[in-house]
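Participant: Hey, dropping run.txt in here, compact mmCIF, C-alpha atoms:
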```txt
# COMPACT_ATOMS: atom_id res chain seq x y z
CA MET A 26 0.00 0.00 0.00
CA VAL A 27 1.51 3.33 -1.14
CA HIS A 28 0.31 6.76 -0.10
CA ALA A 29 1.13 9.74 -2.32
CA LYS A 30 1.40 13.26 -0.96
CA SER A 31 0.30 15.81 -3.54
CA TRP A 32 0.05 19.59 -3.61
CA ILE A 33 -3.34 20.72 -4.87
CA LEU A 34 -4.35 24.07 -6.35
CA LYS A 35 -6.87 24.97 -3.67
CA LYS A 36 -7.71 28.40 -5.07
CA HIS A 37 -6.79 30.19 -8.29
CA PHE A 38 -4.20 32.95 -7.98
CA GLU A 39 -5.25 36.56 -7.67
CA GLY A 40 -2.10 38.63 -7.96
CA SER A 41 0.92 36.97 -6.35
CA PRO A 42 0.54 33.37 -5.10
CA THR A 43 0.13 32.79 -1.36
CA HIS A 44 0.23 29.69 0.82
CA GLY A 45 -3.56 29.78 0.83
CA ASN A 46 -3.57 28.86 -2.86
CA PHE A 47 -2.20 25.37 -2.09
CA GLU A 48 -3.26 22.38 -0.06
CA LEU A 49 -1.36 19.18 0.73
CA LYS A 50 -3.40 16.00 0.32
CA THR A 51 -2.59 12.34 0.81
CA VAL A 52 -4.15 9.67 -1.37
CA GLU A 53 -3.80 5.89 -1.45
CA LEU A 54 -2.62 4.56 -4.83
CA PRO A 55 -4.16 1.39 -6.30
CA PRO A 56 -2.11 -1.75 -7.10
CA LEU A 57 -0.29 -1.75 -10.42
CA ASN A 58 -1.87 -3.19 -13.55
CA ASN A 59 0.15 -4.94 -16.22
CA GLY A 60 2.22 -2.41 -18.16
CA GLU A 61 2.34 0.11 -15.32
CA VAL A 62 5.12 1.38 -13.07
CA LEU A 63 5.17 3.05 -9.67
CA LEU A 64 7.30 6.19 -9.57
CA GLU A 65 8.91 7.86 -6.56
CA ALA A 66 9.88 11.49 -7.06
CA LEU A 67 13.50 12.50 -6.45
CA PHE A 68 13.27 16.14 -7.61
CA LEU A 69 10.37 18.35 -8.70
CA THR A 70 10.33 21.53 -10.78
CA VAL A 71 9.08 24.92 -9.63
CA ASP A 72 8.95 27.19 -12.69
CA PRO A 73 7.52 30.63 -13.55
CA TYR A 74 5.38 29.23 -16.38
CA MET A 75 3.26 27.48 -13.76
CA ARG A 76 1.84 30.82 -12.71
CA VAL A 77 0.12 31.10 -16.10
CA ALA A 78 -0.43 27.41 -16.80
CA ALA A 79 -2.32 27.03 -13.51
CA LYS A 80 -5.13 29.08 -15.02
CA ARG A 81 -6.03 25.98 -17.03
CA LEU A 82 -6.42 23.88 -13.89
CA LYS A 83 -9.59 23.48 -11.93
CA GLU A 84 -9.52 24.22 -8.22
CA GLY A 85 -8.76 20.89 -6.59
CA ASP A 86 -6.47 19.71 -9.38
CA MET A 87 -2.87 18.75 -8.62
CA MET A 88 -0.21 21.27 -9.62
CA MET A 89 1.54 20.39 -12.86
CA GLY A 90 5.27 19.98 -13.30
CA GLN A 91 8.08 17.66 -14.24
CA GLN A 92 10.07 15.46 -11.92
CA VAL A 93 13.05 13.16 -11.96
CA ALA A 94 11.69 9.91 -10.55
CA ARG A 95 12.84 6.40 -9.80
CA VAL A 96 10.84 3.32 -10.73
CA VAL A 97 10.25 1.55 -7.40
CA GLU A 98 7.88 -1.13 -8.68
CA SER A 99 7.35 -2.30 -12.23
CA LYS A 100 5.01 -4.37 -14.31
CA ASN A 101 6.47 -2.91 -17.51
CA SER A 102 9.55 -4.60 -18.95
CA ALA A 103 10.69 -1.37 -20.63
CA PHE A 104 11.13 0.28 -17.22
CA PRO A 105 12.63 -2.15 -14.70
CA THR A 106 12.83 -1.27 -11.02
CA GLY A 107 15.55 1.29 -10.39
CA THR A 108 15.21 3.06 -13.75
CA LEU A 109 15.53 6.87 -13.56
CA VAL A 110 13.06 8.80 -15.70
CA VAL A 111 11.76 12.29 -16.36
CA ALA A 112 8.01 12.35 -15.87
CA SER A 113 5.32 15.00 -16.05
CA SER A 114 3.69 13.72 -12.88
CA GLY A 115 3.18 17.05 -11.15
CA TRP A 116 3.76 17.98 -7.52
CA THR A 117 3.46 14.55 -5.96
CA THR A 118 5.72 12.11 -4.16
CA HIS A 119 4.45 8.99 -5.93
CA SER A 120 2.53 8.31 -9.12
CA ILE A 121 1.54 5.48 -11.45
CA SER A 122 2.41 5.58 -15.14
CA ASP A 123 1.78 3.33 -18.13
CA GLY A 124 5.21 4.36 -19.41
CA LYS A 125 4.03 6.12 -22.58
CA ASP A 126 5.11 9.60 -21.47
CA LEU A 127 8.21 8.61 -19.53
CA GLU A 128 11.66 9.57 -20.77
CA LYS A 129 14.72 7.70 -19.57
CA LEU A 130 17.85 9.66 -18.79
CA PRO A 131 20.33 9.43 -21.68
CA ALA A 132 22.47 6.28 -21.60
CA GLU A 133 25.61 8.43 -21.67
CA TRP A 134 24.59 10.35 -18.51
CA PRO A 135 27.65 10.09 -16.21
CA ASP A 136 27.33 9.09 -12.57
CA THR A 137 29.16 12.28 -11.58
CA LEU A 138 26.50 14.59 -13.07
CA PRO A 139 23.56 15.44 -10.78
CA VAL A 140 20.35 13.93 -12.13
CA SER A 141 18.50 17.12 -11.17
CA LEU A 142 20.04 18.71 -14.28
CA ALA A 143 17.60 16.61 -16.32
CA LEU A 144 15.01 19.17 -15.15
CA GLY A 145 17.27 22.11 -15.95
CA ILE A 146 20.12 22.69 -18.37
CA VAL A 147 19.79 19.16 -19.84
CA GLY A 148 16.01 19.27 -19.69
CA MET A 149 13.12 21.61 -20.29
CA THR A 150 14.89 24.87 -19.44
CA GLY A 151 17.94 23.99 -21.54
CA LEU A 152 15.72 22.93 -24.44
CA THR A 153 13.78 26.18 -24.17
CA ALA A 154 17.00 28.17 -24.46
CA TYR A 155 18.31 25.94 -27.26
CA PHE A 156 15.29 26.14 -29.55
CA GLY A 157 14.39 29.72 -28.72
CA LEU A 158 17.87 30.97 -29.52
CA LEU A 159 18.85 28.69 -32.40
CA ASP A 160 15.50 28.06 -34.13
CA ILE A 161 13.33 31.08 -33.31
CA CYS A 162 16.09 33.70 -33.25
CA GLY A 163 18.39 31.83 -35.61
CA ALA A 164 21.40 33.30 -33.82
CA LYS A 165 24.65 33.14 -35.78
CA GLY A 166 28.28 33.80 -34.96
CA GLY A 167 29.16 37.50 -34.88
CA GLU A 168 25.64 38.62 -33.97
CA THR A 169 24.64 40.42 -30.78
CA VAL A 170 22.11 38.77 -28.45
CA MET A 171 20.20 40.51 -25.68
CA VAL A 172 18.62 38.41 -22.93
CA ASN A 173 16.72 39.55 -19.84
CA ALA A 174 16.19 37.59 -16.62
CA ALA A 175 19.63 36.45 -17.73
CA ALA A 176 20.63 34.80 -14.44
CA GLY A 177 17.57 32.57 -14.43
CA ALA A 178 17.48 28.96 -15.56
CA VAL A 179 16.61 29.75 -19.18
CA GLY A 180 18.42 33.08 -19.48
CA SER A 181 21.76 31.77 -18.27
CA ALA A 182 21.50 28.85 -20.69
CA VAL A 183 20.71 31.23 -23.56
CA GLY A 184 23.81 33.27 -22.82
CA GLN A 185 26.12 30.27 -22.65
CA ILE A 186 24.78 28.70 -25.85
CA ALA A 187 25.09 32.05 -27.62
CA LYS A 188 28.74 32.29 -26.57
CA LEU A 189 29.37 28.74 -27.80
CA LYS A 190 27.96 29.87 -31.17
CA GLY A 191 30.26 32.91 -31.34
CA CYS A 192 27.79 35.66 -30.44
CA LYS A 193 28.25 38.76 -28.33
CA VAL A 194 25.88 38.47 -25.36
CA VAL A 195 24.37 41.24 -23.25
CA GLY A 196 22.40 40.24 -20.16
CA ALA A 197 20.19 42.07 -17.68
CA ALA A 198 19.63 40.81 -14.13
CA GLY A 199 18.15 42.14 -10.91
CA SER A 200 21.06 42.17 -8.46
CA ASP A 201 24.80 42.80 -8.36
CA GLU A 202 25.32 39.18 -7.29
CA LYS A 203 23.56 37.98 -10.43
CA VAL A 204 25.59 40.36 -12.58
CA ALA A 205 28.80 38.93 -11.15
CA TYR A 206 27.53 35.43 -11.93
CA LEU A 207 26.76 36.37 -15.54
CA LYS A 208 30.25 37.76 -16.04
CA LYS A 209 31.70 34.59 -14.52
CA ILE A 210 29.92 32.38 -17.05
CA GLY A 211 31.05 34.46 -20.00
CA PHE A 212 28.51 37.21 -20.74
CA ASP A 213 30.25 40.05 -22.59
CA VAL A 214 28.15 42.72 -20.85
CA ALA A 215 25.91 42.33 -17.81
CA PHE A 216 24.11 44.99 -15.80
CA ASN A 217 21.68 45.40 -12.91
CA TYR A 218 18.56 46.86 -14.49
CA LYS A 219 17.30 47.95 -11.08
CA THR A 220 20.21 50.30 -10.41
CA VAL A 221 21.08 51.77 -13.83
CA GLU A 222 20.03 55.39 -14.30
CA SER A 223 18.63 54.73 -17.77
CA LEU A 224 17.86 51.31 -19.24
CA GLU A 225 17.73 52.83 -22.70
CA GLU A 226 21.19 54.40 -22.42
CA THR A 227 22.66 51.28 -20.81
CA LEU A 228 21.46 49.17 -23.72
CA LYS A 229 22.86 51.66 -26.25
CA LYS A 230 26.23 51.68 -24.50
CA ALA A 231 26.34 47.88 -24.37
CA SER A 232 25.74 47.60 -28.13
CA PRO A 233 25.77 50.92 -29.98
CA ASP A 234 24.86 49.23 -33.27
CA GLY A 235 21.80 47.57 -31.79
CA TYR A 236 20.75 43.94 -31.34
CA ASP A 237 20.26 41.13 -33.82
CA CYS A 238 18.45 38.81 -31.40
CA TYR A 239 16.38 39.46 -28.30
CA PHE A 240 15.45 36.55 -26.04
CA ASP A 241 12.61 37.92 -23.93
CA ASN A 242 11.75 36.33 -20.59
CA VAL A 243 10.22 39.45 -19.04
CA GLY A 244 7.90 41.39 -21.36
CA GLY A 245 6.23 44.61 -20.19
CA GLU A 246 8.02 47.95 -20.22
CA PHE A 247 11.44 46.30 -20.43
CA SER A 248 10.66 44.97 -23.90
CA ASN A 249 9.23 48.30 -24.98
CA ILE A 250 12.69 49.77 -24.38
CA VAL A 251 14.68 46.96 -26.00
CA ILE A 252 12.68 46.52 -29.21
CA PRO A 253 13.35 50.03 -30.63
CA GLN A 254 17.06 49.16 -30.44
CA MET A 255 16.77 46.07 -32.63
CA LYS A 256 18.70 46.01 -35.89
CA LYS A 257 16.86 45.71 -39.19
CA PHE A 258 15.56 42.17 -39.66
CA GLY A 259 16.09 41.50 -35.96
CA ARG A 260 14.51 38.42 -34.39
CA ILE A 261 12.69 38.28 -31.06
CA ALA A 262 11.91 35.06 -29.18
CA MET A 263 9.05 35.66 -26.75
CA CYS A 264 9.64 33.02 -24.09
CA GLY A 265 8.11 34.49 -20.95
CA ALA A 266 6.57 37.56 -19.37
CA ILE A 267 7.45 37.45 -15.68
CA ALA A 268 6.98 41.21 -15.40
CA VAL A 269 3.24 40.83 -15.89
CA TYR A 270 2.36 37.33 -14.60
CA ASN A 271 1.02 38.73 -11.33
CA ALA A 272 -0.55 41.83 -12.83
CA THR A 273 -4.03 42.73 -11.63
CA ARG A 274 -4.25 45.97 -13.62
CA PRO A 275 -4.43 46.48 -17.41
CA LEU A 276 -1.13 45.66 -19.10
CA PRO A 277 1.03 48.40 -20.64
CA PRO A 278 0.83 48.90 -24.42
CA GLY A 279 3.24 46.94 -26.58
CA PRO A 280 6.20 48.20 -28.62
CA PRO A 281 5.66 50.93 -31.25
CA PRO A 282 4.18 49.27 -34.36
CA GLU A 283 6.25 51.49 -36.65
CA THR A 284 9.45 50.08 -35.13
CA VAL A 285 8.39 46.51 -35.84
CA ILE A 286 7.27 47.41 -39.37
CA TYR A 287 10.12 49.62 -40.57
CA GLN A 288 12.85 47.56 -38.92
CA GLN A 289 11.14 44.50 -40.39
CA LEU A 290 11.39 42.65 -37.10
CA ARG A 291 10.15 39.12 -36.50
CA MET A 292 8.55 38.37 -33.13
CA GLU A 293 7.45 34.86 -32.25
CA GLY A 294 6.13 33.28 -29.11
CA PHE A 295 6.86 29.64 -28.53
CA LEU A 296 6.45 26.62 -26.26
CA VAL A 297 9.27 24.12 -26.01
CA THR A 298 6.84 21.24 -26.51
CA ARG A 299 6.75 22.17 -30.21
CA TRP A 300 9.99 20.27 -30.78
CA GLN A 301 9.69 16.51 -30.43
CA GLY A 302 11.24 13.36 -31.83
CA ASP A 303 14.69 13.38 -33.38
CA VAL A 304 15.27 17.14 -33.12
CA ARG A 305 14.55 17.06 -29.40
CA GLN A 306 16.87 14.12 -28.84
CA LYS A 307 19.64 15.84 -30.80
CA ALA A 308 19.20 18.95 -28.68
CA LEU A 309 19.43 16.95 -25.45
CA LYS A 310 22.60 15.26 -26.68
CA ASP A 311 24.08 18.65 -27.62
CA LEU A 312 23.21 20.11 -24.22
CA LEU A 313 24.67 17.15 -22.32
CA LYS A 314 27.82 17.30 -24.45
CA TRP A 315 28.26 21.03 -23.81
CA VAL A 316 27.70 20.66 -20.07
CA LEU A 317 30.31 17.92 -19.86
CA GLU A 318 32.76 19.94 -21.96
CA VAL A 319 32.52 23.09 -19.87
CA ARG A 320 32.37 21.59 -16.36
CA GLY A 321 35.19 23.09 -14.37
CA SER A 322 35.74 25.93 -16.86
CA ARG A 323 34.34 29.45 -16.78
CA ALA A 324 31.02 28.42 -18.24
CA ALA A 325 28.90 26.14 -16.10
CA PRO A 326 25.34 25.04 -15.45
CA PRO A 327 23.48 27.58 -13.30
CA PRO A 328 23.50 26.80 -9.58
CA VAL A 329 20.52 24.73 -8.50
CA HIS A 330 18.51 25.98 -5.53
CA TRP A 331 17.17 23.24 -3.26
CA ILE A 332 14.08 24.60 -1.61
CA PRO A 333 11.91 23.20 1.18
CA PHE A 334 8.73 22.34 -0.66
CA PRO A 335 6.55 24.32 -1.00
CA SER A 336 7.91 27.27 1.03
CA ASP A 337 9.42 28.93 -2.03
CA THR A 338 6.51 28.23 -4.35
CA ILE A 339 5.33 31.70 -3.37
CA GLY A 340 8.39 33.05 -5.19
CA PHE A 341 8.24 30.84 -8.24
CA VAL A 342 7.29 33.80 -10.43
CA SER A 343 9.79 36.18 -8.88
CA THR A 344 13.35 36.86 -9.99
CA ALA A 345 14.86 36.04 -6.62
CA ASN A 346 16.80 32.97 -7.68
CA THR A 347 19.86 32.50 -9.83
CA GLY A 348 19.27 29.38 -11.92
CA PRO A 349 16.46 26.87 -11.51
CA SER A 350 14.63 25.81 -8.37
CA HIS A 351 14.33 22.06 -7.86
CA CYS A 352 12.63 20.52 -4.87
CA PRO A 353 13.42 17.27 -3.10
CA PRO A 354 10.28 15.27 -2.32
CA PHE A 355 8.26 16.62 0.62
```
Could I get this structure in the form of structure tokens?
Facilitator:
Amino acid sequence: MVHAKSWILKKHFEGSPTHGNFELKTVELPPLNNGEVLLEALFLTVDPYMRVAAKRLKEGDMMMGQQVARVVESKNSAFPTGTLVVASSGWTTHSISDGKDLEKLPAEWPDTLPVSLALGIVGMTGLTAYFGLLDICGAKGGETVMVNAAAGAVGSAVGQIAKLKGCKVVGAAGSDEKVAYLKKIGFDVAFNYKTVESLEETLKKASPDGYDCYFDNVGGEFSNIVIPQMKKFGRIAMCGAIAVYNATRPLPPGPPPETVIYQQLRMEGFLVTRWQGDVRQKALKDLLKWVLEVRGSRAAPPPVHWIPFPSDTIGFVSTANTGPSHCPPF
């Protein structure tokens, strides 16, 4: 008999999340049927996208999310006991799967690499950076890339991939500590957007000729200042909008239409789930290869923050952390 502890969306968010939005419930799981496996969570994800995605849940539904899990009981020969997988099981300690949506860690995953990175730089956040920068923006060597929320899980990956591809990278972050981190991992220019006198002038100084690519994690007024500084035929990957996720008032107007038209800019929103099959597997292999190549050098995976679940879920749409937040089971 296995009991699963699960965090439930008790009440939809109004403004910033509070502890009152969540409830911990315990349920008894049924015995396995043929073809099923029992999973035990090792690490769970806490990501900003959940703030928006939770709107699609009903009150009483379990919070969504990925986890690295271990198969602790199996009636599926493809996933023997002990197998480590990435599963979209949500915020729960245990779950039952028929195996169709499970993804084994790559066979070449070394024992010395933390498996939590399968939720980060060698997982969804790394894939988001990879496809947003290389497919949506089409970044090429010699171009200039601007990324905001640059010390976050996705932003820091964007910057490091861009450097690997020979780009100049400018990053904005919200503290001096984060700026120091960005410089450590190879950003050409990094600044604290909260303390600069003028964001517009800081951006112009960082790249007087403008920007070829803009990887936007923030949206809002920040983007309204960046977009007029895009070069002709510039590309903009709209990945997130953390500046407005908790907004309760009308949102600010978007960038000037004449800028987008006359600079012939291309703006595209995207979800990482668009890329599946062979292209996704190639991306994961590339990311794992790059992480292994740069371990111990200047570039490195962003630091992982282990948080007592769910105490920091209240901040999962803030910019408080550097790198991703992964939770051990509660």
Participant: Separation of CA of Val140 in chain A and CA of Leu312 in chain A, in Å?
Facilitator: 13.9 Å
Participant: Pick the closest to Val62 in chain A from A:Lys30, A:Arg95, A:Lys100, A:Lys80: which is it, counting all atoms listed in the file?
Facilitator: A:Lys100
Participant: So the first atom is CA of Tyr74 in chain A and the second is CA of Ile267 in chain A; what is the distance between them in Å, to one decimal place?
Facilitator: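 Distance reported for this atom pair: 8.5 Å.
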Participant: Quick check, in Å to one decimal: how far apart do CA of Val194 in chain A and CA of Val214 in chain A lie?
Facilitator: 6.6 Å
Participant: Of the residues A:Ser31, A:Thr43, A:Thr227, A:Thr284, which is the one nearest to Gly85 in chain A, using all atoms listed in the file?
Facilitator: A:Ser31
Participant: A:Asp311, A:Asp303, A:Thr298, A:Ala94: which is nearest Leu144 in chain A, counting only C-alpha atoms?
Facilitator: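 With only C-alpha atoms as the atom set, the closest residue is A:Ala94.
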Participant: Neighbours of Lys208 in chain A within 12 Å (only C-alpha atoms; same-chain residues fewer than 2 positions away dropped), as an MDAnalysis selection string?
Facilitator: chainID A and resid 175:176 181 184:185 188 194:198 201:206 210:217 323:325
Participant: Go through range 42-92 of chain A and flag each residue having an atom no more than 12 Å from range 112-127 of chain A; for those, report the closest pair of atoms plus their distance in Å to one decimal, using only C-alpha atoms, ordered by chain and rising number, as a tab-separated table.
Facilitator:
```
residue	atom	partner	partner_atom	distance
A:Phe47	CA	A:Trp116	CA	10.9
A:Glu48	CA	A:Trp116	CA	11.1
A:Leu49	CA	A:Thr117	CA	9.5
A:Lys50	CA	A:Thr117	CA	9.4
A:Thr51	CA	A:Thr117	CA	9.3
A:Val52	CA	A:His119	CA	9.8
A:Glu53	CA	A:His119	CA	9.9
A:Leu54	CA	A:Ser120	CA	7.7
A:Pro55	CA	A:Ile121	CA	8.7
A:Pro56	CA	A:Ile121	CA	9.2
A:Leu57	CA	A:Ile121	CA	7.5
A:Asn58	CA	A:Asp123	CA	8.8
A:Asn59	CA	A:Asp123	CA	8.6
A:Gly60	CA	A:Asp123	CA	5.8
A:Glu61	CA	A:Asp123	CA	4.3
A:Val62	CA	A:Ser122	CA	5.4
A:Leu63	CA	A:Ile121	CA	4.7
A:Leu64	CA	A:Ser120	CA	5.2
A:Glu65	CA	A:His119	CA	4.6
A:Ala66	CA	A:Thr118	CA	5.1
A:Leu67	CA	A:Thr118	CA	8.1
A:Phe68	CA	A:Thr118	CA	9.2
A:Leu69	CA	A:Trp116	CA	6.7
A:Thr70	CA	A:Trp116	CA	8.1
A:Val71	CA	A:Trp116	CA	9.0
A:Asp72	CA	A:Gly115	CA	11.8
A:Met75	CA	A:Gly115	CA	10.8
A:Ala79	CA	A:Gly115	CA	11.6
A:Asp86	CA	A:Gly115	CA	10.2
A:Met87	CA	A:Trp116	CA	6.8
A:Met88	CA	A:Trp116	CA	5.6
A:Met89	CA	A:Gly115	CA	4.1
A:Gly90	CA	A:Gly115	CA	4.2
A:Gln91	CA	A:Ser113	CA	4.2
A:Gln92	CA	A:Ala112	CA	5.4
```
Participant: Is it possible to add all heavy atoms to range 180-190 of chain A and hand it back as a compact mmCIF listing (two decimals), keeping the file's coordinate frame?
Facilitator:
```txt
# COMPACT_ATOMS: atom_id res chain seq x y z
N GLY A 180 17.57 31.97 -19.03
CA GLY A 180 18.42 33.08 -19.48
C GLY A 180 19.89 32.75 -19.44
O GLY A 180 20.65 33.07 -20.38
N SER A 181 20.34 32.10 -18.38
CA SER A 181 21.76 31.77 -18.27
C SER A 181 22.16 30.73 -19.31
O SER A 181 23.28 30.75 -19.83
CB SER A 181 22.09 31.27 -16.86
OG SER A 181 21.30 30.15 -16.50
N ALA A 182 21.23 29.82 -19.64
CA ALA A 182 21.50 28.85 -20.69
C ALA A 182 21.57 29.52 -22.05
O ALA A 182 22.44 29.20 -22.88
CB ALA A 182 20.43 27.76 -20.69
N VAL A 183 20.69 30.48 -22.29
CA VAL A 183 20.71 31.23 -23.56
C VAL A 183 22.07 31.89 -23.75
O VAL A 183 22.68 31.80 -24.82
CB VAL A 183 19.59 32.29 -23.58
CG1 VAL A 183 19.79 33.25 -24.76
CG2 VAL A 183 18.23 31.64 -23.66
N GLY A 184 22.54 32.56 -22.71
CA GLY A 184 23.81 33.27 -22.82
C GLY A 184 24.97 32.34 -23.11
O GLY A 184 25.83 32.64 -23.95
N GLN A 185 25.00 31.20 -22.45
CA GLN A 185 26.12 30.27 -22.65
C GLN A 185 26.07 29.61 -24.03
O GLN A 185 27.11 29.42 -24.67
CB GLN A 185 26.12 29.23 -21.53
CG GLN A 185 26.46 29.84 -20.18
CD GLN A 185 26.44 28.81 -19.06
OE1 GLN A 185 27.44 28.16 -18.79
NE2 GLN A 185 25.30 28.66 -18.41
N ILE A 186 24.88 29.28 -24.50
CA ILE A 186 24.78 28.70 -25.85
C ILE A 186 25.17 29.75 -26.88
O ILE A 186 25.87 29.43 -27.86
CB ILE A 186 23.34 28.19 -26.10
CG1 ILE A 186 23.02 27.02 -25.17
CG2 ILE A 186 23.17 27.76 -27.55
CD1 ILE A 186 21.56 26.58 -25.20
N ALA A 187 24.74 30.99 -26.68
CA ALA A 187 25.09 32.05 -27.62
C ALA A 187 26.60 32.25 -27.70
O ALA A 187 27.16 32.44 -28.78
CB ALA A 187 24.40 33.36 -27.22
N LYS A 188 27.27 32.16 -26.56
CA LYS A 188 28.74 32.29 -26.57
C LYS A 188 29.37 31.11 -27.29
O LYS A 188 30.36 31.27 -28.04
CB LYS A 188 29.27 32.39 -25.15
CG LYS A 188 28.94 33.68 -24.43
CD LYS A 188 29.44 34.91 -25.19
CE LYS A 188 30.94 34.93 -25.34
NZ LYS A 188 31.41 36.11 -26.12
N LEU A 189 28.85 29.91 -27.10
CA LEU A 189 29.37 28.74 -27.80
C LEU A 189 29.23 28.90 -29.32
O LEU A 189 30.04 28.37 -30.09
CB LEU A 189 28.63 27.48 -27.36
CG LEU A 189 28.98 26.93 -25.97
CD1 LEU A 189 28.01 25.83 -25.58
CD2 LEU A 189 30.40 26.38 -25.95
N LYS A 190 28.20 29.65 -29.74
CA LYS A 190 27.96 29.87 -31.17
C LYS A 190 28.68 31.10 -31.71
O LYS A 190 28.50 31.47 -32.87
CB LYS A 190 26.45 29.99 -31.42
CG LYS A 190 25.67 28.70 -31.10
CD LYS A 190 26.12 27.56 -32.00
CE LYS A 190 25.35 26.28 -31.72
NZ LYS A 190 25.76 25.16 -32.60
```
